[in-house]
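Visitor: protein_26.pdb is reproduced in full below (PDB, N, CA, C and O atoms, pLDDT in the B column).
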```pdb
ATOM      1  N   MET G   1       1.729  56.911  -6.932  1.00 69.00           N
ATOM      2  CA  MET G   1       1.285  56.289  -8.158  1.00 69.00           C
ATOM      3  C   MET G   1      -0.186  55.878  -8.053  1.00 69.00           C
ATOM      4  O   MET G   1      -0.909  55.945  -9.034  1.00 69.00           O
ATOM      5  N   ARG G   2      -0.590  55.466  -6.877  1.00 76.00           N
ATOM      6  CA  ARG G   2      -1.981  55.053  -6.689  1.00 76.00           C
ATOM      7  C   ARG G   2      -2.941  56.208  -6.983  1.00 76.00           C
ATOM      8  O   ARG G   2      -3.985  56.022  -7.606  1.00 76.00           O
ATOM      9  N   ALA G   3      -2.583  57.418  -6.556  1.00 83.00           N
ATOM     10  CA  ALA G   3      -3.445  58.581  -6.794  1.00 83.00           C
ATOM     11  C   ALA G   3      -3.580  58.854  -8.295  1.00 83.00           C
ATOM     12  O   ALA G   3      -4.657  59.214  -8.768  1.00 83.00           O
ATOM     13  N   VAL G   4      -2.494  58.679  -9.043  1.00 81.00           N
ATOM     14  CA  VAL G   4      -2.540  58.882 -10.492  1.00 81.00           C
ATOM     15  C   VAL G   4      -3.453  57.843 -11.131  1.00 81.00           C
ATOM     16  O   VAL G   4      -4.249  58.155 -12.019  1.00 81.00           O
ATOM     17  N   THR G   5      -3.362  56.608 -10.659  1.00 81.00           N
ATOM     18  CA  THR G   5      -4.205  55.542 -11.188  1.00 81.00           C
ATOM     19  C   THR G   5      -5.675  55.846 -10.931  1.00 81.00           C
ATOM     20  O   THR G   5      -6.514  55.724 -11.825  1.00 81.00           O
ATOM     21  N   ILE G   6      -5.985  56.256  -9.725  1.00 84.00           N
ATOM     22  CA  ILE G   6      -7.371  56.579  -9.380  1.00 84.00           C
ATOM     23  C   ILE G   6      -7.880  57.742 -10.224  1.00 84.00           C
ATOM     24  O   ILE G   6      -8.986  57.701 -10.756  1.00 84.00           O
ATOM     25  N   GLU G   7      -7.052  58.775 -10.366  1.00 85.00           N
ATOM     26  CA  GLU G   7      -7.442  59.919 -11.189  1.00 85.00           C
ATOM     27  C   GLU G   7      -7.644  59.501 -12.645  1.00 85.00           C
ATOM     28  O   GLU G   7      -8.634  59.873 -13.283  1.00 85.00           O
ATOM     29  N   GLY G   8      -6.720  58.704 -13.157  1.00 84.00           N
ATOM     30  CA  GLY G   8      -6.809  58.271 -14.551  1.00 84.00           C
ATOM     31  C   GLY G   8      -8.064  57.462 -14.827  1.00 84.00           C
ATOM     32  O   GLY G   8      -8.771  57.715 -15.806  1.00 84.00           O
ATOM     33  N   PHE G   9      -8.375  56.515 -13.949  1.00 85.00           N
ATOM     34  CA  PHE G   9      -9.572  55.713 -14.167  1.00 85.00           C
ATOM     35  C   PHE G   9     -10.843  56.525 -13.955  1.00 85.00           C
ATOM     36  O   PHE G   9     -11.855  56.288 -14.614  1.00 85.00           O
ATOM     37  N   GLY G  10     -10.800  57.507 -13.073  1.00 89.00           N
ATOM     38  CA  GLY G  10     -11.953  58.394 -12.900  1.00 89.00           C
ATOM     39  C   GLY G  10     -12.228  59.197 -14.157  1.00 89.00           C
ATOM     40  O   GLY G  10     -13.376  59.320 -14.600  1.00 89.00           O
ATOM     41  N   GLU G  11     -11.166  59.740 -14.737  1.00 88.00           N
ATOM     42  CA  GLU G  11     -11.322  60.509 -15.976  1.00 88.00           C
ATOM     43  C   GLU G  11     -11.755  59.610 -17.133  1.00 88.00           C
ATOM     44  O   GLU G  11     -12.598  60.000 -17.951  1.00 88.00           O
ATOM     45  N   LEU G  12     -11.195  58.408 -17.200  1.00 86.00           N
ATOM     46  CA  LEU G  12     -11.583  57.464 -18.245  1.00 86.00           C
ATOM     47  C   LEU G  12     -13.060  57.096 -18.102  1.00 86.00           C
ATOM     48  O   LEU G  12     -13.805  57.077 -19.083  1.00 86.00           O
ATOM     49  N   ALA G  13     -13.512  56.831 -16.878  1.00 88.00           N
ATOM     50  CA  ALA G  13     -14.919  56.481 -16.649  1.00 88.00           C
ATOM     51  C   ALA G  13     -15.846  57.609 -17.096  1.00 88.00           C
ATOM     52  O   ALA G  13     -16.879  57.361 -17.728  1.00 88.00           O
ATOM     53  N   ALA G  14     -15.487  58.833 -16.786  1.00 90.00           N
ATOM     54  CA  ALA G  14     -16.312  59.975 -17.190  1.00 90.00           C
ATOM     55  C   ALA G  14     -16.351  60.090 -18.711  1.00 90.00           C
ATOM     56  O   ALA G  14     -17.402  60.352 -19.305  1.00 90.00           O
ATOM     57  N   HIS G  15     -15.208  59.884 -19.355  1.00 83.00           N
ATOM     58  CA  HIS G  15     -15.138  59.973 -20.816  1.00 83.00           C
ATOM     59  C   HIS G  15     -15.983  58.869 -21.455  1.00 83.00           C
ATOM     60  O   HIS G  15     -16.725  59.118 -22.415  1.00 83.00           O
ATOM     61  N   LEU G  16     -15.897  57.654 -20.925  1.00 81.00           N
ATOM     62  CA  LEU G  16     -16.695  56.544 -21.449  1.00 81.00           C
ATOM     63  C   LEU G  16     -18.184  56.794 -21.245  1.00 81.00           C
ATOM     64  O   LEU G  16     -19.002  56.488 -22.115  1.00 81.00           O
ATOM     65  N   SER G  17     -18.540  57.352 -20.119  1.00 85.00           N
ATOM     66  CA  SER G  17     -19.949  57.641 -19.838  1.00 85.00           C
ATOM     67  C   SER G  17     -20.505  58.656 -20.831  1.00 85.00           C
ATOM     68  O   SER G  17     -21.614  58.482 -21.345  1.00 85.00           O
ATOM     69  N   ARG G  18     -19.732  59.703 -21.127  1.00 83.00           N
ATOM     70  CA  ARG G  18     -20.183  60.683 -22.111  1.00 83.00           C
ATOM     71  C   ARG G  18     -20.366  60.034 -23.478  1.00 83.00           C
ATOM     72  O   ARG G  18     -21.341  60.306 -24.182  1.00 83.00           O
ATOM     73  N   GLY G  19     -19.452  59.147 -23.850  1.00 78.00           N
ATOM     74  CA  GLY G  19     -19.580  58.453 -25.128  1.00 78.00           C
ATOM     75  C   GLY G  19     -20.815  57.565 -25.164  1.00 78.00           C
ATOM     76  O   GLY G  19     -21.547  57.524 -26.149  1.00 78.00           O
ATOM     77  N   ARG G  20     -21.080  56.865 -24.080  1.00 77.00           N
ATOM     78  CA  ARG G  20     -22.241  55.975 -24.012  1.00 77.00           C
ATOM     79  C   ARG G  20     -23.535  56.752 -24.089  1.00 77.00           C
ATOM     80  O   ARG G  20     -24.474  56.370 -24.784  1.00 77.00           O
ATOM     81  N   LEU G  21     -23.603  57.861 -23.399  1.00 80.00           N
ATOM     82  CA  LEU G  21     -24.826  58.662 -23.390  1.00 80.00           C
ATOM     83  C   LEU G  21     -25.114  59.312 -24.735  1.00 80.00           C
ATOM     84  O   LEU G  21     -26.257  59.666 -25.023  1.00 80.00           O
ATOM     85  N   ALA G  22     -24.103  59.441 -25.561  1.00 77.00           N
ATOM     86  CA  ALA G  22     -24.286  60.067 -26.877  1.00 77.00           C
ATOM     87  C   ALA G  22     -24.849  59.090 -27.909  1.00 77.00           C
ATOM     88  O   ALA G  22     -25.253  59.505 -28.989  1.00 77.00           O
ATOM     89  N   ALA G  23     -24.900  57.802 -27.583  1.00 73.00           N
ATOM     90  CA  ALA G  23     -25.357  56.791 -28.550  1.00 73.00           C
ATOM     91  C   ALA G  23     -26.797  56.374 -28.240  1.00 73.00           C
ATOM     92  O   ALA G  23     -27.182  56.276 -27.079  1.00 73.00           O
ATOM     93  N   PRO G  24     -27.593  56.083 -29.276  1.00 75.00           N
ATOM     94  CA  PRO G  24     -29.010  55.809 -29.083  1.00 75.00           C
ATOM     95  C   PRO G  24     -29.389  54.367 -28.752  1.00 75.00           C
ATOM     96  O   PRO G  24     -30.467  54.123 -28.236  1.00 75.00           O
ATOM     97  N   ALA G  25     -28.559  53.374 -29.079  1.00 77.00           N
ATOM     98  CA  ALA G  25     -28.955  51.972 -28.909  1.00 77.00           C
ATOM     99  C   ALA G  25     -27.726  51.106 -28.606  1.00 77.00           C
ATOM    100  O   ALA G  25     -26.595  51.556 -28.783  1.00 77.00           O
ATOM    101  N   PRO G  26     -27.927  49.839 -28.172  1.00 78.00           N
ATOM    102  CA  PRO G  26     -26.803  48.996 -27.759  1.00 78.00           C
ATOM    103  C   PRO G  26     -25.631  48.882 -28.738  1.00 78.00           C
ATOM    104  O   PRO G  26     -24.503  49.152 -28.325  1.00 78.00           O
ATOM    105  N   PRO G  27     -25.811  48.497 -30.016  1.00 80.00           N
ATOM    106  CA  PRO G  27     -24.608  48.412 -30.865  1.00 80.00           C
ATOM    107  C   PRO G  27     -23.876  49.751 -31.007  1.00 80.00           C
ATOM    108  O   PRO G  27     -22.659  49.797 -30.833  1.00 80.00           O
ATOM    109  N   PRO G  28     -24.584  50.855 -31.252  1.00 78.00           N
ATOM    110  CA  PRO G  28     -23.874  52.133 -31.306  1.00 78.00           C
ATOM    111  C   PRO G  28     -23.275  52.524 -29.948  1.00 78.00           C
ATOM    112  O   PRO G  28     -22.235  53.183 -29.901  1.00 78.00           O
ATOM    113  N   ILE G  29     -23.894  52.098 -28.857  1.00 78.00           N
ATOM    114  CA  ILE G  29     -23.346  52.403 -27.529  1.00 78.00           C
ATOM    115  C   ILE G  29     -21.988  51.731 -27.372  1.00 78.00           C
ATOM    116  O   ILE G  29     -21.032  52.342 -26.895  1.00 78.00           O
ATOM    117  N   LEU G  30     -21.884  50.476 -27.769  1.00 81.00           N
ATOM    118  CA  LEU G  30     -20.608  49.761 -27.661  1.00 81.00           C
ATOM    119  C   LEU G  30     -19.542  50.426 -28.526  1.00 81.00           C
ATOM    120  O   LEU G  30     -18.416  50.639 -28.077  1.00 81.00           O
ATOM    121  N   ARG G  31     -19.906  50.775 -29.743  1.00 83.00           N
ATOM    122  CA  ARG G  31     -18.946  51.456 -30.625  1.00 83.00           C
ATOM    123  C   ARG G  31     -18.528  52.800 -30.025  1.00 83.00           C
ATOM    124  O   ARG G  31     -17.356  53.166 -30.061  1.00 83.00           O
ATOM    125  N   ALA G  32     -19.483  53.526 -29.465  1.00 84.00           N
ATOM    126  CA  ALA G  32     -19.173  54.830 -28.858  1.00 84.00           C
ATOM    127  C   ALA G  32     -18.255  54.658 -27.657  1.00 84.00           C
ATOM    128  O   ALA G  32     -17.328  55.448 -27.460  1.00 84.00           O
ATOM    129  N   ALA G  33     -18.489  53.630 -26.852  1.00 83.00           N
ATOM    130  CA  ALA G  33     -17.629  53.388 -25.690  1.00 83.00           C
ATOM    131  C   ALA G  33     -16.216  53.013 -26.128  1.00 83.00           C
ATOM    132  O   ALA G  33     -15.236  53.498 -25.553  1.00 83.00           O
ATOM    133  N   CYS G  34     -16.109  52.175 -27.147  1.00 86.00           N
ATOM    134  CA  CYS G  34     -14.787  51.801 -27.670  1.00 86.00           C
ATOM    135  C   CYS G  34     -14.060  53.016 -28.231  1.00 86.00           C
ATOM    136  O   CYS G  34     -12.871  53.210 -27.984  1.00 86.00           O
ATOM    137  N   ARG G  35     -14.792  53.839 -28.974  1.00 89.00           N
ATOM    138  CA  ARG G  35     -14.206  55.056 -29.537  1.00 89.00           C
ATOM    139  C   ARG G  35     -13.737  55.986 -28.421  1.00 89.00           C
ATOM    140  O   ARG G  35     -12.636  56.539 -28.473  1.00 89.00           O
ATOM    141  N   ALA G  36     -14.563  56.137 -27.384  1.00 88.00           N
ATOM    142  CA  ALA G  36     -14.205  57.011 -26.263  1.00 88.00           C
ATOM    143  C   ALA G  36     -12.959  56.491 -25.552  1.00 88.00           C
ATOM    144  O   ALA G  36     -12.089  57.276 -25.147  1.00 88.00           O
ATOM    145  N   TYR G  37     -12.855  55.179 -25.395  1.00 89.00           N
ATOM    146  CA  TYR G  37     -11.684  54.581 -24.749  1.00 89.00           C
ATOM    147  C   TYR G  37     -10.419  54.911 -25.538  1.00 89.00           C
ATOM    148  O   TYR G  37      -9.412  55.356 -24.984  1.00 89.00           O
ATOM    149  N   LEU G  38     -10.479  54.725 -26.847  1.00 92.00           N
ATOM    150  CA  LEU G  38      -9.328  55.014 -27.694  1.00 92.00           C
ATOM    151  C   LEU G  38      -9.012  56.503 -27.737  1.00 92.00           C
ATOM    152  O   LEU G  38      -7.844  56.899 -27.736  1.00 92.00           O
ATOM    153  N   GLU G  39     -10.046  57.340 -27.761  1.00 92.00           N
ATOM    154  CA  GLU G  39      -9.832  58.795 -27.745  1.00 92.00           C
ATOM    155  C   GLU G  39      -9.133  59.218 -26.462  1.00 92.00           C
ATOM    156  O   GLU G  39      -8.222  60.045 -26.478  1.00 92.00           O
ATOM    157  N   PHE G  40      -9.567  58.657 -25.339  1.00 90.00           N
ATOM    158  CA  PHE G  40      -8.950  58.988 -24.062  1.00 90.00           C
ATOM    159  C   PHE G  40      -7.480  58.574 -24.052  1.00 90.00           C
ATOM    160  O   PHE G  40      -6.615  59.353 -23.661  1.00 90.00           O
ATOM    161  N   ALA G  41      -7.201  57.355 -24.494  1.00 91.00           N
ATOM    162  CA  ALA G  41      -5.821  56.872 -24.519  1.00 91.00           C
ATOM    163  C   ALA G  41      -4.945  57.721 -25.428  1.00 91.00           C
ATOM    164  O   ALA G  41      -3.773  57.972 -25.127  1.00 91.00           O
ATOM    165  N   THR G  42      -5.510  58.190 -26.531  1.00 94.00           N
ATOM    166  CA  THR G  42      -4.769  59.025 -27.467  1.00 94.00           C
ATOM    167  C   THR G  42      -4.569  60.443 -26.929  1.00 94.00           C
ATOM    168  O   THR G  42      -3.487  61.017 -27.059  1.00 94.00           O
ATOM    169  N   ALA G  43      -5.601  60.986 -26.316  1.00 93.00           N
ATOM    170  CA  ALA G  43      -5.528  62.365 -25.818  1.00 93.00           C
ATOM    171  C   ALA G  43      -4.704  62.491 -24.536  1.00 93.00           C
ATOM    172  O   ALA G  43      -4.115  63.538 -24.285  1.00 93.00           O
ATOM    173  N   ARG G  44      -4.696  61.443 -23.712  1.00 90.00           N
ATOM    174  CA  ARG G  44      -3.990  61.487 -22.427  1.00 90.00           C
ATOM    175  C   ARG G  44      -3.042  60.290 -22.292  1.00 90.00           C
ATOM    176  O   ARG G  44      -3.200  59.463 -21.402  1.00 90.00           O
ATOM    177  N   PRO G  45      -2.067  60.142 -23.187  1.00 92.00           N
ATOM    178  CA  PRO G  45      -1.244  58.933 -23.196  1.00 92.00           C
ATOM    179  C   PRO G  45      -0.476  58.684 -21.896  1.00 92.00           C
ATOM    180  O   PRO G  45      -0.378  57.539 -21.452  1.00 92.00           O
ATOM    181  N   ALA G  46       0.070  59.717 -21.297  1.00 90.00           N
ATOM    182  CA  ALA G  46       0.833  59.516 -20.067  1.00 90.00           C
ATOM    183  C   ALA G  46      -0.074  59.050 -18.924  1.00 90.00           C
ATOM    184  O   ALA G  46       0.272  58.122 -18.184  1.00 90.00           O
ATOM    185  N   LEU G  47      -1.234  59.679 -18.787  1.00 86.00           N
ATOM    186  CA  LEU G  47      -2.169  59.293 -17.735  1.00 86.00           C
ATOM    187  C   LEU G  47      -2.719  57.897 -18.002  1.00 86.00           C
ATOM    188  O   LEU G  47      -2.817  57.071 -17.097  1.00 86.00           O
ATOM    189  N   TYR G  48      -3.039  57.609 -19.255  1.00 85.00           N
ATOM    190  CA  TYR G  48      -3.529  56.274 -19.611  1.00 85.00           C
ATOM    191  C   TYR G  48      -2.485  55.211 -19.280  1.00 85.00           C
ATOM    192  O   TYR G  48      -2.787  54.191 -18.665  1.00 85.00           O
ATOM    193  N   GLN G  49      -1.255  55.452 -19.674  1.00 87.00           N
ATOM    194  CA  GLN G  49      -0.197  54.470 -19.419  1.00 87.00           C
ATOM    195  C   GLN G  49       0.059  54.308 -17.927  1.00 87.00           C
ATOM    196  O   GLN G  49       0.204  53.191 -17.434  1.00 87.00           O
ATOM    197  N   ALA G  50       0.090  55.404 -17.195  1.00 83.00           N
ATOM    198  CA  ALA G  50       0.298  55.311 -15.747  1.00 83.00           C
ATOM    199  C   ALA G  50      -0.828  54.539 -15.077  1.00 83.00           C
ATOM    200  O   ALA G  50      -0.595  53.705 -14.215  1.00 83.00           O
ATOM    201  N   SER G  51      -2.060  54.794 -15.499  1.00 78.00           N
ATOM    202  CA  SER G  51      -3.214  54.104 -14.924  1.00 78.00           C
ATOM    203  C   SER G  51      -3.198  52.625 -15.280  1.00 78.00           C
ATOM    204  O   SER G  51      -3.517  51.768 -14.457  1.00 78.00           O
ATOM    205  N   SER G  52      -2.833  52.330 -16.490  1.00 75.00           N
ATOM    206  CA  SER G  52      -2.859  50.946 -16.965  1.00 75.00           C
ATOM    207  C   SER G  52      -1.705  50.104 -16.434  1.00 75.00           C
ATOM    208  O   SER G  52      -1.809  48.892 -16.386  1.00 75.00           O
ATOM    209  N   SER G  53      -0.623  50.750 -16.057  1.00 75.00           N
ATOM    210  CA  SER G  53       0.547  49.984 -15.613  1.00 75.00           C
ATOM    211  C   SER G  53       0.552  49.716 -14.113  1.00 75.00           C
ATOM    212  O   SER G  53       1.323  48.888 -13.645  1.00 75.00           O
ATOM    213  N   CYS G  54      -0.287  50.384 -13.366  1.00 67.00           N
ATOM    214  CA  CYS G  54      -0.311  50.200 -11.915  1.00 67.00           C
ATOM    215  C   CYS G  54      -1.050  48.911 -11.580  1.00 67.00           C
ATOM    216  O   CYS G  54      -2.141  48.649 -12.081  1.00 67.00           O
ATOM    217  N   ARG G  55      -0.456  48.107 -10.734  1.00 63.00           N
ATOM    218  CA  ARG G  55      -1.070  46.846 -10.314  1.00 63.00           C
ATOM    219  C   ARG G  55      -1.645  47.000  -8.914  1.00 63.00           C
ATOM    220  O   ARG G  55      -1.064  47.663  -8.067  1.00 63.00           O
ATOM    221  N   PRO G  56      -2.810  46.383  -8.672  1.00 58.00           N
ATOM    222  CA  PRO G  56      -3.402  46.452  -7.329  1.00 58.00           C
ATOM    223  C   PRO G  56      -2.481  45.811  -6.302  1.00 58.00           C
ATOM    224  O   PRO G  56      -1.764  44.873  -6.601  1.00 58.00           O
ATOM    225  N   THR G  57      -2.543  46.338  -5.106  1.00 58.00           N
ATOM    226  CA  THR G  57      -1.711  45.775  -4.031  1.00 58.00           C
ATOM    227  C   THR G  57      -2.527  44.973  -3.067  1.00 58.00           C
ATOM    228  O   THR G  57      -3.706  45.045  -3.008  1.00 58.00           O
TER     229      THR G  57
END
```
The structure given in the file should be rewritten as structure tokens.
Guide:
Amino acid sequence: MRAVTIEGFGELAAHLSRGRLAAPAPPPILRAACRAYLEFATARPALYQASSSCRPT
């Protein structure tokens, strides 16, 4: 499960980074990051849920 969590957060980080880089200024950057987060959760629900449900040991 730990490997799935690491993979999920790695993919989420990459998706958020692409969203941030596509925006020109701070307010649009925040909106783009929020949109990217929701897009990732919608596009990869199983991976998102697995990543979000794992607790650190």
Visitor: Give me the residues near Ser53 in chain G as a ChimeraX atom specification, where near means some atom within 12 Å (using only C-alpha atoms) and where sequence neighbours in that chain fewer than 5 positions away do not count.
Guide: /G:1-2,4-5,8-9,45-48
Visitor: Exactly which residues make up the result of the PyMOL selection byres ((chain G and resi 32) around 7) on this file, given as a PyMOL selection string?
Guide: chain G and resi 15-16+18-20+23+26-31+33-38
Visitor: Just give me the gap between atom O of Ala3 in chain G and atom C of Ala22 in chain G in Å, one decimal is fine.
Guide: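 Atom C of Ala22 in chain G lies 27.8 Å from atom O of Ala3 in chain G.
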Visitor: Would you mind telling me which residue in G:Glu39, G:Ile6, G:Ala14, G:Pro24 lies nearest to Ser51 in chain G when using only N, CA, C and O atoms?
Guide: G:Ile6
Visitor: For CA of Arg44 in chain G and atom C of Leu12 in chain G, quote the distance in Å rounded to one decimal.
Guide: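 Separation between CA of Arg44 in chain G and atom C of Leu12 in chain G: 11.0 Å.
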